[in-house]
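Asks: start_38.csv (CSV, C-alpha atoms) pasted underneath:
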```csv
chain,number,residue,atom,x,y,z
A,118,MET,CA,-8.2,14.9,-4.3
A,119,SER,CA,-11.6,15.3,-2.7
A,120,SER,CA,-12.5,14.7,1.0
A,121,PRO,CA,-14.3,11.5,1.8
A,122,PRO,CA,-18.0,11.8,2.4
A,123,VAL,CA,-19.2,12.3,6.0
A,124,GLN,CA,-22.2,10.3,7.3
A,125,ASP,CA,-23.8,9.9,10.7
A,126,LEU,CA,-24.3,7.0,13.1
A,127,ALA,CA,-27.8,6.2,11.7
A,128,TRP,CA,-26.2,5.6,8.3
A,129,LEU,CA,-23.7,3.2,9.9
A,130,LYS,CA,-26.6,1.2,11.4
A,131,THR,CA,-28.1,0.6,7.9
A,132,ILE,CA,-25.1,-1.7,7.0
A,133,PRO,CA,-26.1,-5.4,7.3
A,134,PRO,CA,-24.4,-6.8,10.4
A,135,SER,CA,-23.1,-9.9,8.5
A,136,SER,CA,-21.2,-7.8,5.9
A,137,ALA,CA,-19.2,-5.6,8.2
A,138,LEU,CA,-16.7,-5.9,11.1
A,139,VAL,CA,-15.5,-3.3,13.6
A,140,TRP,CA,-11.8,-2.8,14.4
A,141,ALA,CA,-11.8,-0.6,17.5
A,142,THR,CA,-9.2,0.7,19.9
A,143,GLY,CA,-9.5,-0.7,23.4
A,144,SER,CA,-10.8,2.4,25.1
A,145,VAL,CA,-13.9,2.6,23.0
A,146,GLN,CA,-14.7,-1.1,22.4
A,147,ALA,CA,-17.3,-1.4,25.1
A,148,ARG,CA,-19.2,1.7,23.9
A,149,VAL,CA,-19.0,0.5,20.3
A,150,SER,CA,-20.3,-3.0,21.2
A,151,GLN,CA,-23.1,-1.4,23.1
A,152,GLU,CA,-24.2,0.8,20.2
A,153,LEU,CA,-23.5,-1.2,17.1
A,154,GLN,CA,-24.5,-4.7,16.0
A,155,PHE,CA,-21.3,-5.6,14.2
A,156,GLY,CA,-18.8,-8.2,15.3
A,157,MET,CA,-15.3,-7.2,16.4
A,158,ALA,CA,-12.2,-8.0,14.5
A,159,PRO,CA,-9.2,-8.5,16.9
A,160,SER,CA,-6.8,-7.5,14.1
A,161,PHE,CA,-6.8,-6.9,10.3
A,162,ASP,CA,-5.7,-10.4,9.7
A,163,ASP,CA,-8.9,-11.8,11.2
A,164,ILE,CA,-11.3,-10.3,8.6
A,165,PRO,CA,-13.0,-13.0,6.7
A,166,GLY,CA,-13.3,-12.7,2.9
A,167,ALA,CA,-17.1,-12.4,3.1
A,168,VAL,CA,-16.8,-9.2,5.0
A,169,CYS,CA,-17.0,-6.2,2.6
A,170,THR,CA,-16.9,-3.3,5.0
A,171,LEU,CA,-14.4,-2.6,7.8
A,172,ILE,CA,-15.3,0.0,10.3
A,173,ALA,CA,-12.2,1.3,12.1
A,174,VAL,CA,-12.8,3.2,15.3
A,175,GLY,CA,-9.9,4.8,17.1
A,176,GLY,CA,-7.2,7.4,17.1
A,177,GLY,CA,-4.7,8.4,14.3
A,178,SER,CA,-2.5,5.4,14.6
A,179,LEU,CA,-5.3,2.8,14.3
A,180,MET,CA,-6.9,4.7,11.4
A,181,ASP,CA,-3.6,5.0,9.6
A,182,GLN,CA,-3.0,1.3,10.0
A,183,ALA,CA,-6.4,0.5,8.6
A,184,LYS,CA,-5.9,2.9,5.7
A,185,TYR,CA,-2.5,1.4,4.9
A,186,ILE,CA,-3.4,-2.3,5.2
A,187,ARG,CA,-6.7,-1.9,3.3
A,188,ALA,CA,-4.9,-0.2,0.4
A,189,ARG,CA,-2.1,-2.9,0.4
A,190,GLN,CA,-4.0,-6.1,1.2
A,191,ARG,CA,-7.7,-5.7,0.5
A,192,PRO,CA,-8.2,-2.7,-1.9
A,193,GLY,CA,-11.8,-3.8,-2.6
A,194,LEU,CA,-12.8,-3.6,1.1
A,195,ARG,CA,-15.0,-0.6,2.0
A,196,LEU,CA,-13.3,1.4,4.7
A,197,VAL,CA,-15.3,3.5,7.2
A,198,LEU,CA,-13.3,5.5,9.7
A,199,VAL,CA,-14.7,6.7,13.0
A,200,PRO,CA,-12.2,8.9,14.9
A,201,SER,CA,-12.4,8.4,18.7
A,202,ILE,CA,-10.9,11.9,19.1
A,203,TRP,CA,-10.0,14.8,16.9
A,204,GLY,CA,-6.4,16.0,16.3
A,205,SER,CA,-4.8,13.6,13.9
A,206,GLY,CA,-7.3,14.3,11.2
A,207,ALA,CA,-6.2,10.9,9.8
A,208,GLU,CA,-9.8,10.2,8.6
A,209,ALA,CA,-9.5,13.1,6.1
A,210,SER,CA,-6.0,12.7,4.9
A,211,PRO,CA,-4.3,10.8,2.1
A,212,VAL,CA,-1.2,10.6,4.3
A,213,VAL,CA,-0.4,7.6,6.5
A,214,VAL,CA,2.2,7.7,9.3
A,215,LEU,CA,3.3,4.2,10.4
A,216,ASN,CA,5.2,3.1,13.4
A,217,ARG,CA,8.3,1.2,12.2
A,218,GLU,CA,11.3,0.0,14.0
A,219,GLY,CA,13.6,3.0,14.3
A,220,GLY,CA,11.0,5.6,13.6
A,221,LYS,CA,8.1,6.7,11.5
A,222,GLU,CA,7.4,5.9,7.9
A,223,ILE,CA,5.2,8.3,5.9
A,224,ALA,CA,3.3,7.4,2.8
A,225,SER,CA,0.8,9.3,0.8
A,226,GLY,CA,-1.7,8.6,-2.0
A,227,SER,CA,-5.4,8.8,-2.8
A,228,GLU,CA,-5.6,5.0,-2.2
A,229,PHE,CA,-5.3,5.7,1.5
A,230,LEU,CA,-8.4,7.8,1.8
A,231,PRO,CA,-11.3,6.0,3.4
A,232,ASP,CA,-14.7,5.6,1.7
A,233,THR,CA,-16.7,7.2,4.4
A,234,VAL,CA,-16.1,9.1,7.7
A,235,ILE,CA,-18.5,9.0,10.7
A,236,TYR,CA,-18.2,11.6,13.5
A,237,TRP,CA,-19.6,10.1,16.7
A,238,PRO,CA,-19.6,12.7,19.5
A,239,GLY,CA,-20.8,10.1,22.0
A,240,LEU,CA,-17.3,8.6,22.0
A,241,LEU,CA,-15.9,11.7,23.6
A,242,ALA,CA,-17.6,11.0,26.9
A,243,THR,CA,-14.6,9.3,28.4
A,244,VAL,CA,-12.0,11.7,27.0
A,245,SER,CA,-10.1,13.4,29.8
A,246,PRO,CA,-9.7,17.2,29.8
A,247,ALA,CA,-5.9,16.9,29.3
A,248,ARG,CA,-6.3,14.6,26.3
A,249,ALA,CA,-8.9,16.8,24.8
A,250,ARG,CA,-6.6,19.9,25.2
A,251,ARG,CA,-3.7,18.0,23.6
A,252,ALA,CA,-5.9,16.9,20.7
A,253,CYS,CA,-6.6,20.7,20.1
A,254,GLY,CA,-2.8,21.2,20.3
A,255,ASP,CA,-2.3,18.6,17.5
A,256,THR,CA,-4.8,20.5,15.4
A,257,TRP,CA,-3.1,23.8,16.1
A,258,ALA,CA,0.2,22.3,15.1
A,259,HIS,CA,-1.2,21.1,11.8
A,260,ALA,CA,-2.7,24.4,11.0
A,261,LEU,CA,0.2,26.6,12.0
A,262,GLU,CA,3.0,24.5,10.5
A,263,ALA,CA,1.1,24.1,7.2
A,264,PHE,CA,0.5,27.9,7.2
A,265,LEU,CA,4.2,28.6,7.6
A,266,SER,CA,5.4,25.8,5.3
A,267,PRO,CA,7.5,27.0,2.3
A,268,LEU,CA,5.4,24.6,0.3
A,269,ALA,CA,2.1,26.5,1.0
A,270,GLY,CA,0.9,28.8,-1.7
A,271,ASP,CA,-1.2,31.9,-1.4
A,272,GLN,CA,-4.6,30.2,-1.8
A,273,LEU,CA,-3.8,27.5,0.7
A,274,ARG,CA,-2.6,30.1,3.2
A,275,GLY,CA,-5.8,32.0,2.7
A,276,GLN,CA,-7.8,28.9,3.5
A,277,LEU,CA,-5.6,28.1,6.6
A,278,ALA,CA,-6.0,31.7,7.8
A,279,ILE,CA,-9.8,31.3,7.7
A,280,LEU,CA,-9.5,27.9,9.6
A,281,ILE,CA,-7.2,29.5,12.2
A,282,GLY,CA,-9.8,32.2,12.8
A,283,GLU,CA,-12.5,29.5,13.4
A,284,MET,CA,-10.2,27.6,15.7
A,285,LEU,CA,-9.6,30.7,17.8
A,286,ARG,CA,-13.3,30.9,18.4
A,287,LEU,CA,-13.5,27.4,19.9
A,288,PRO,CA,-12.5,26.5,23.5
A,289,LEU,CA,-9.5,24.3,24.1
A,290,GLY,CA,-11.2,21.3,25.3
A,291,ASN,CA,-13.8,18.6,24.7
A,292,ASP,CA,-16.0,19.9,21.9
A,293,PRO,CA,-17.1,17.8,18.9
A,294,ARG,CA,-16.8,20.8,16.6
A,295,TRP,CA,-13.1,20.2,16.7
A,296,PHE,CA,-13.6,17.1,14.5
A,297,SER,CA,-14.4,19.0,11.4
A,298,LEU,CA,-11.7,21.7,12.0
A,299,SER,CA,-9.1,19.0,12.7
A,300,ALA,CA,-10.0,17.2,9.5
A,301,ARG,CA,-9.6,20.4,7.5
A,302,ALA,CA,-6.3,21.2,9.2
A,303,CYS,CA,-5.1,17.8,8.3
A,304,ALA,CA,-6.3,17.9,4.7
A,305,PHE,CA,-4.5,21.3,4.3
A,306,GLN,CA,-1.2,20.1,5.9
A,307,ALA,CA,-1.3,17.1,3.5
A,308,GLN,CA,-1.0,19.7,0.7
A,309,ALA,CA,1.8,21.8,2.3
A,310,SER,CA,3.6,19.5,4.8
A,311,VAL,CA,4.4,20.5,8.4
A,312,GLY,CA,7.5,21.5,10.4
A,313,LEU,CA,9.7,21.0,13.3
A,314,VAL,CA,6.9,20.3,15.9
A,315,HIS,CA,6.1,17.2,13.8
A,316,GLY,CA,9.7,16.3,13.3
A,317,ILE,CA,10.1,16.3,17.1
A,318,ALA,CA,6.9,14.4,17.7
A,319,HIS,CA,7.8,11.7,15.1
A,320,VAL,CA,11.3,11.1,16.5
A,321,LEU,CA,10.6,11.4,20.2
A,322,GLU,CA,7.3,9.5,20.5
A,323,HIS,CA,8.8,6.1,20.9
A,324,PRO,CA,11.8,7.1,23.1
A,325,CYS,CA,9.6,9.1,25.4
A,326,ARG,CA,7.2,6.2,25.9
A,327,ALA,CA,10.2,3.9,26.6
A,328,ARG,CA,11.8,6.3,29.0
A,329,HIS,CA,8.7,7.4,30.8
A,330,PRO,CA,6.2,4.5,30.5
A,331,GLU,CA,4.1,5.9,33.4
A,332,GLN,CA,3.3,9.0,31.5
A,333,GLU,CA,0.9,9.4,28.6
A,334,TRP,CA,3.3,10.1,25.8
A,335,GLY,CA,1.8,10.3,22.3
A,336,HIS,CA,1.9,12.4,19.2
A,337,ALA,CA,-0.7,14.9,20.3
A,338,ARG,CA,1.0,15.5,23.7
A,339,LEU,CA,4.4,16.1,22.0
A,340,CYS,CA,2.9,18.4,19.4
A,341,SER,CA,0.9,20.3,21.9
A,342,ALA,CA,3.8,20.7,24.4
A,343,PHE,CA,6.4,21.8,21.8
A,344,LEU,CA,4.3,24.1,19.7
A,345,LEU,CA,5.0,27.2,21.8
A,346,PRO,CA,8.8,26.9,22.0
A,347,VAL,CA,9.0,26.0,18.3
A,348,MET,CA,6.8,28.9,17.3
A,349,ARG,CA,8.9,31.2,19.4
A,350,LEU,CA,12.0,29.8,17.6
A,351,ASN,CA,10.3,30.4,14.3
A,352,ARG,CA,9.7,34.0,15.3
A,353,LEU,CA,13.4,34.5,16.4
A,354,ALA,CA,14.8,32.8,13.3
A,355,SER,CA,12.7,34.5,10.7
A,356,PRO,CA,10.3,37.5,10.3
A,357,LYS,CA,8.1,35.2,8.2
A,358,TRP,CA,5.5,34.3,10.9
A,359,SER,CA,4.7,37.9,11.9
A,360,ALA,CA,4.7,39.0,8.2
A,361,LEU,CA,2.4,36.3,7.1
A,362,ALA,CA,0.1,36.8,10.2
A,363,ARG,CA,-0.2,40.4,9.2
A,364,GLN,CA,-0.7,39.7,5.5
A,365,TYR,CA,-3.5,37.2,6.2
A,366,ALA,CA,-5.1,39.2,9.1
A,367,ILE,CA,-4.5,36.5,11.7
A,368,ASP,CA,-5.0,37.7,15.3
A,369,GLU,CA,-1.4,37.0,16.4
A,370,PRO,CA,-1.8,37.9,20.1
A,371,ALA,CA,-4.8,35.5,20.3
A,372,VAL,CA,-2.7,32.7,18.7
A,373,TRP,CA,0.1,33.3,21.2
A,374,ASP,CA,-2.4,33.1,24.0
A,375,VAL,CA,-3.6,29.7,22.8
A,376,LEU,CA,-0.1,28.4,22.5
A,377,GLN,CA,0.7,29.6,26.0
A,378,ARG,CA,-2.3,27.6,27.3
A,379,LEU,CA,-1.3,24.5,25.4
A,380,PHE,CA,2.3,24.6,26.6
A,381,GLU,CA,3.3,21.9,29.0
A,382,PRO,CA,6.7,22.9,30.4
A,383,GLU,CA,7.1,19.8,32.5
A,384,ALA,CA,6.5,17.6,29.4
A,385,CYS,CA,9.1,19.6,27.4
A,386,SER,CA,11.6,19.4,30.2
A,387,ALA,CA,11.1,15.6,30.6
A,388,ALA,CA,11.5,15.1,26.8
A,389,PHE,CA,14.4,17.5,26.3
A,390,PRO,CA,17.2,15.1,27.2
A,391,LEU,CA,15.8,12.8,24.6
A,392,LEU,CA,15.6,15.6,22.1
A,393,GLN,CA,19.3,16.3,22.7
A,394,VAL,CA,20.2,12.6,22.1
A,395,ASN,CA,18.0,12.5,18.9
A,396,TRP,CA,18.6,16.0,17.6
A,397,THR,CA,20.4,14.8,14.4
A,398,LYS,CA,17.5,12.5,13.6
A,399,VAL,CA,15.1,15.4,14.2
A,400,LEU,CA,17.1,17.6,11.8
A,401,ARG,CA,16.9,14.8,9.2
A,402,ASP,CA,13.2,14.2,9.6
A,403,PRO,CA,11.3,15.2,6.4
A,404,CYS,CA,8.8,17.4,8.5
A,405,THR,CA,11.6,19.4,10.1
A,406,ARG,CA,13.1,20.0,6.6
A,407,THR,CA,9.9,21.8,5.5
A,408,ASN,CA,9.7,24.0,8.6
A,409,GLY,CA,8.8,27.6,7.9
A,410,ALA,CA,12.2,28.8,9.1
A,411,LEU,CA,15.3,26.9,8.5
A,412,ILE,CA,16.1,24.7,11.5
A,413,ARG,CA,19.9,24.7,12.2
A,414,SER,CA,22.0,22.5,14.4
A,415,ARG,CA,22.6,25.3,16.9
A,416,HIS,CA,18.9,25.8,17.4
A,417,LEU,CA,18.8,23.0,20.0
A,418,ASP,CA,20.3,25.4,22.5
A,419,GLU,CA,17.7,28.0,21.6
A,420,ILE,CA,14.9,25.5,22.2
A,421,GLU,CA,16.3,24.6,25.6
A,422,ARG,CA,16.3,28.3,26.5
A,423,LEU,CA,12.8,28.8,25.2
A,424,VAL,CA,11.5,25.7,27.1
A,425,ALA,CA,13.0,27.0,30.3
A,426,ALA,CA,11.6,30.5,29.7
B,1,MET,CA,37.6,47.0,22.8
B,2,ALA,CA,37.3,43.7,21.0
B,3,ALA,CA,37.8,43.9,17.2
B,4,ALA,CA,34.6,43.2,15.3
B,5,THR,CA,34.6,39.9,13.5
B,6,LEU,CA,33.6,40.3,9.9
B,7,ILE,CA,32.0,37.2,8.5
B,8,THR,CA,32.4,36.9,4.8
B,9,ASN,CA,29.6,35.8,2.5
B,10,ILE,CA,31.6,32.6,1.8
B,11,GLU,CA,31.6,31.8,5.5
B,12,LYS,CA,27.9,32.6,5.7
B,13,LEU,CA,27.2,30.3,2.8
B,14,LYS,CA,29.3,27.5,4.2
B,15,ASP,CA,27.6,27.8,7.6
B,16,LEU,CA,24.2,27.7,5.9
B,17,LEU,CA,24.9,24.7,3.6
B,18,VAL,CA,26.4,22.7,6.5
B,19,ASP,CA,23.1,23.1,8.3
B,20,VAL,CA,20.8,22.7,5.2
B,21,PHE,CA,22.5,19.6,4.0
B,22,LEU,CA,23.7,18.3,7.4
B,23,ILE,CA,27.2,17.8,6.1
B,24,ASP,CA,30.5,17.6,8.1
B,25,PRO,CA,32.1,21.1,7.9
B,26,LYS,CA,35.4,19.4,7.3
B,27,GLU,CA,34.1,17.9,4.1
B,28,PHE,CA,32.8,21.1,2.8
B,29,HIS,CA,34.4,22.6,-0.3
B,30,LEU,CA,33.2,24.8,-3.1
B,31,ASP,CA,33.3,22.2,-5.8
B,32,LEU,CA,30.7,19.9,-4.1
B,33,LYS,CA,28.0,18.8,-6.5
B,34,ARG,CA,24.4,17.9,-5.8
B,35,GLU,CA,24.9,14.2,-6.5
B,36,GLN,CA,27.6,14.1,-3.9
B,37,ILE,CA,25.2,15.1,-1.1
B,38,ASP,CA,22.5,12.7,-0.2
B,39,THR,CA,20.4,15.3,1.5
B,40,TRP,CA,20.3,17.5,-1.5
B,41,ASP,CA,17.0,16.0,-2.6
B,42,SER,CA,13.7,17.7,-3.2
B,43,LEU,CA,13.3,18.6,0.5
B,44,GLY,CA,16.9,19.9,0.4
B,45,ILE,CA,16.0,22.2,-2.4
B,46,VAL,CA,13.2,23.6,-0.3
B,47,SER,CA,15.4,24.1,2.8
B,48,LEU,CA,18.1,25.7,0.6
B,49,ALA,CA,15.6,28.2,-0.7
B,50,VAL,CA,14.4,29.0,2.8
B,51,GLY,CA,18.0,29.3,4.1
B,52,VAL,CA,19.2,31.5,1.3
B,53,GLN,CA,16.3,33.9,1.8
B,54,GLU,CA,17.0,34.1,5.6
B,55,THR,CA,20.7,34.5,5.1
B,56,PHE,CA,21.1,36.6,2.0
B,57,GLY,CA,17.6,38.1,1.6
B,58,TYR,CA,17.2,36.6,-1.9
B,59,HIS,CA,14.4,34.2,-2.8
B,60,PHE,CA,15.3,31.6,-5.4
B,61,THR,CA,12.6,31.0,-7.9
B,62,GLN,CA,11.5,27.3,-8.2
B,63,ASP,CA,13.3,27.1,-11.6
B,64,GLU,CA,16.5,28.6,-10.2
B,65,ALA,CA,16.5,26.2,-7.2
B,66,ILE,CA,16.0,23.2,-9.4
B,67,ALA,CA,18.6,24.2,-11.9
B,68,ILE,CA,21.4,24.5,-9.3
B,69,THR,CA,23.7,21.5,-9.6
B,70,GLY,CA,26.5,22.5,-7.2
B,71,ILE,CA,27.7,25.0,-4.7
B,72,ARG,CA,29.4,27.2,-7.3
B,73,ASP,CA,26.0,27.5,-9.0
B,74,ILE,CA,24.6,28.9,-5.8
B,75,ILE,CA,27.4,31.5,-5.7
B,76,ALA,CA,26.9,32.4,-9.3
B,77,ALA,CA,23.1,32.8,-8.8
B,78,LEU,CA,23.7,35.1,-5.8
B,79,GLU,CA,26.5,37.1,-7.5
B,80,ALA,CA,24.0,37.7,-10.4
B,81,ARG,CA,21.8,39.4,-7.7
B,82,GLY,CA,24.6,41.6,-6.6
B,83,ILE,CA,25.8,39.6,-3.6
B,84,SER,CA,29.6,39.6,-3.6
B,85,PHE,CA,31.7,36.5,-2.7
B,86,ASP,CA,35.1,38.2,-3.2
B,87,GLU,CA,37.5,37.3,-0.3
```
Using structure tokens, write down the structure from this file.
Replies:
Amino acid sequence: MSSPPVQDLAWLKTIPPSSALVWATGSVQARVSQELQFGMAPSFDDIPGAVCTLIAVGGGSLMDQAKYIRARQRPGLRLVLVPSIWGSGAEASPVVVLNREGGKEIASGSEFLPDTVIYWPGLLATVSPARARRACGDTWAHALEAFLSPLAGDQLRGQLAILIGEMLRLPLGNDPRWFSLSARACAFQAQASVGLVHGIAHVLEHPCRARHPEQEWGHARLCSAFLLPVMRLNRLASPKWSALARQYAIDEPAVWDVLQRLFEPEACSAAFPLLQVNWTKVLRDPCTRTNGALIRSRHLDEIERLVAA
Amino acid sequence: MAAATLITNIEKLKDLLVDVFLIDPKEFHLDLKREQIDTWDSLGIVSLAVGVQETFGYHFTQDEAIAITGIRDIIAALEARGISFDE
């Protein structure tokens, strides 16, 4: 399965305005309207039959919705994805994660890949430092969990080790170079699956938002916040991480330093009571079940200790 | 001095399978078959292989893991590798 071609903003502007509509997340709509000559579609249901290109601009959820609905309802529609921030890598992945009542639904297939991807660094102007750091954490979670996954083979681990080396050279913050690294991390994790960090994020995203509506809970924040305690748990539960890090010449102390900087103890503490309530669901989540080390029911106590530490 | 508790390999396996397949310990018995456990699916096979390696130090090959149809098959495969399950 090959990656979708990447174009620039100038290419997007060559599309006739009457043949395309934009579906954009609220935070970037003004910027998109200012720069592009296309009309706005309030939702997928409002796309007239004459429109042959949909340009979806937003985060992972919006891009996954666009991928899914296009594949199911309008397979002939050309889909252009423009991520408003890196992290999800949804623009490069054949996987879709959909919000459903009671949890997340995951589907995968080449029909979900977009036709074209555009990286537009200008959209990052309004991204806060905290959001940028969490998007880096999301990318790190994809890369590390895919690297440790029991489904990853030698060749994929080699590619992930190179990617991790490149990620270590980038600052944790607002930098458009994260777009391509995030897309690669996501494409790799689509081949190997992920682990407990994603199991926690998928199960807790909705309850955290419901319990703490005043806080910015999302997939990236949960991934970023729980990555350090989960990696520590992996290290305690199995020698696999350290052995693989040595085998693939990964700078392990540098990775731990990154994880320490991504860690948000107050977020983990706020989410932990919900983790306790939902622990069985987390254990049953497909991502948890492909964690690098086997996650056992008693590990909840270990995570509590590691969060507090 | 407290007496050391010796955990038998059967107990280790039970503890492992209860966690891998998320089954009630009270419902665990050695004659359980794959079709009786809803979580013994393709992901369950992956988790089982990871758990057996962590617990017994033996890595099931893909063919071995897929060929296993019940708990007694797991025991037989491990006994063939010199891991004893005698009480």
Asks: Could you tell me which of A:Ala387, A:Val424, A:Leu411, A:Leu241 comes closest to Ser355 of chain A if we count only C-alpha atoms?
Replies: A:Leu411
Asks: Determine, using all atoms listed in the file, which residues of chain B have any atom at most 7 Å from an atom of chain A, and tabulate each with its shortest atom pair and distance in Å to one decimal place, rows ordered by chain and then rising number, as CSV.
Replies:
```
residue,atom,partner,partner_atom,distance
B:Asp19,CA,A:Arg413,CA,5.3
B:Leu43,CA,A:Arg406,CA,6.3
B:Val46,CA,A:Thr407,CA,6.9
B:Ser47,CA,A:Arg406,CA,6.0
B:Val50,CA,A:Leu411,CA,6.1
B:Gly51,CA,A:Leu411,CA,5.7
B:Glu54,CA,A:Ser355,CA,6.7
```
Asks: In the coordinates of the file, take the point (-4.7, 27.5, 12.9) and a cut-off of 9 Å; then, counting all atoms listed in the file, name each qualifying protein, DNA or RNA residue as a PyMOL selection string.
Replies: chain A and resi 256-264+277-285+302+372
Asks: Using the selection just defined, write its residues with C-alpha atoms as an mmCIF file, keeping the file's coordinate frame.
Replies:
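result_25.cif, written as the output of this step:
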```
data_model
loop_
_atom_site.group_PDB
_atom_site.id
_atom_site.type_symbol
_atom_site.label_atom_id
_atom_site.label_comp_id
_atom_site.auth_asym_id
_atom_site.auth_seq_id
_atom_site.Cartn_x
_atom_site.Cartn_y
_atom_site.Cartn_z
ATOM 1 C CA THR A 256 -4.800 20.500 15.400
ATOM 2 C CA TRP A 257 -3.100 23.800 16.100
ATOM 3 C CA ALA A 258 0.200 22.300 15.100
ATOM 4 C CA HIS A 259 -1.200 21.100 11.800
ATOM 5 C CA ALA A 260 -2.700 24.400 11.000
ATOM 6 C CA LEU A 261 0.200 26.600 12.000
ATOM 7 C CA GLU A 262 3.000 24.500 10.500
ATOM 8 C CA ALA A 263 1.100 24.100 7.200
ATOM 9 C CA PHE A 264 0.500 27.900 7.200
ATOM 10 C CA LEU A 277 -5.600 28.100 6.600
ATOM 11 C CA ALA A 278 -6.000 31.700 7.800
ATOM 12 C CA ILE A 279 -9.800 31.300 7.700
ATOM 13 C CA LEU A 280 -9.500 27.900 9.600
ATOM 14 C CA ILE A 281 -7.200 29.500 12.200
ATOM 15 C CA GLY A 282 -9.800 32.200 12.800
ATOM 16 C CA GLU A 283 -12.500 29.500 13.400
ATOM 17 C CA MET A 284 -10.200 27.600 15.700
ATOM 18 C CA LEU A 285 -9.600 30.700 17.800
ATOM 19 C CA ALA A 302 -6.300 21.200 9.200
ATOM 20 C CA VAL A 372 -2.700 32.700 18.700
#
```
Asks: Could you name the residues that touch Gly82 of chain B at 12 Å or less, counting only C-alpha atoms, but leaving out those on the same chain fewer than 4 positions away, as a list in words?
Replies: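 These residues fall inside the cut-off: Asn9, Phe56, Gly57, Tyr58, Ile75, Ala76, Ala77, Leu78 and Asp86 of chain B.
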Asks: Which residues are close to Ser42 of chain B, i.e. within 10 Å by all atoms listed in the file, leaving aside same-chain residues fewer than 5 positions away? Reply as a tab-separated table (two decimals) with C-alpha atoms, in the coordinates of the input.
Replies:
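Writing done, so here's result_14.tsv:
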```tsv
chain	number	residue	atom	x	y	z
B	47	SER	CA	15.40	24.10	2.80
B	48	LEU	CA	18.10	25.70	0.60
B	65	ALA	CA	16.50	26.20	-7.20
B	66	ILE	CA	16.00	23.20	-9.40
```
Asks: In Å to one decimal, how far is atom CA of Val168 of chain A from atom CA of Glu228 of chain A?
Replies: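 Answer for the atom CA of Glu228 of chain A to atom CA of Val168 of chain A separation: 19.5 Å.
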Asks: Between segment 192-298 of chain A and segment 128-143 of chain A, at 12 Å or less, what are the per-residue closest atom pairs and their distances in Å? Count all atoms listed in the file, order by chain and rising residue number, and return it as a tab-separated table.
Replies:
```
residue	atom	partner	partner_atom	distance
A:Leu194	CA	A:Ala137	CA	9.8
A:Arg195	CA	A:Ala137	CA	9.0
A:Leu196	CA	A:Ala137	CA	9.8
A:Val197	CA	A:Leu129	CA	8.8
A:Leu198	CA	A:Trp140	CA	9.7
A:Val199	CA	A:Ala141	CA	9.1
A:Pro200	CA	A:Ala141	CA	9.9
A:Ser201	CA	A:Thr142	CA	8.4
A:Ile202	CA	A:Thr142	CA	11.4
A:Thr233	CA	A:Leu129	CA	9.8
A:Val234	CA	A:Leu129	CA	9.9
A:Ile235	CA	A:Leu129	CA	7.8
A:Tyr236	CA	A:Leu129	CA	10.7
A:Trp237	CA	A:Leu129	CA	10.5
A:Leu240	CA	A:Thr142	CA	11.5
```
Asks: If I take atom CA of Val20 of chain B and atom CA of Asp41 of chain B, how far is one from the other in Å, to one decimal?
Replies: 11.0 Å
Asks: Hey, which of B:Ala80, B:Ile45, B:Ile10, B:Val52 ends up closest to Leu30 of chain B? Count all atoms listed in the file.
Replies: B:Ile10
Asks: Which value, in Å to one decimal, gives the distance between atom CA of Gly226 of chain A and atom CA of Met180 of chain A?
Replies: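 For atom CA of Gly226 of chain A relative to atom CA of Met180 of chain A, the distance reads 14.9 Å.
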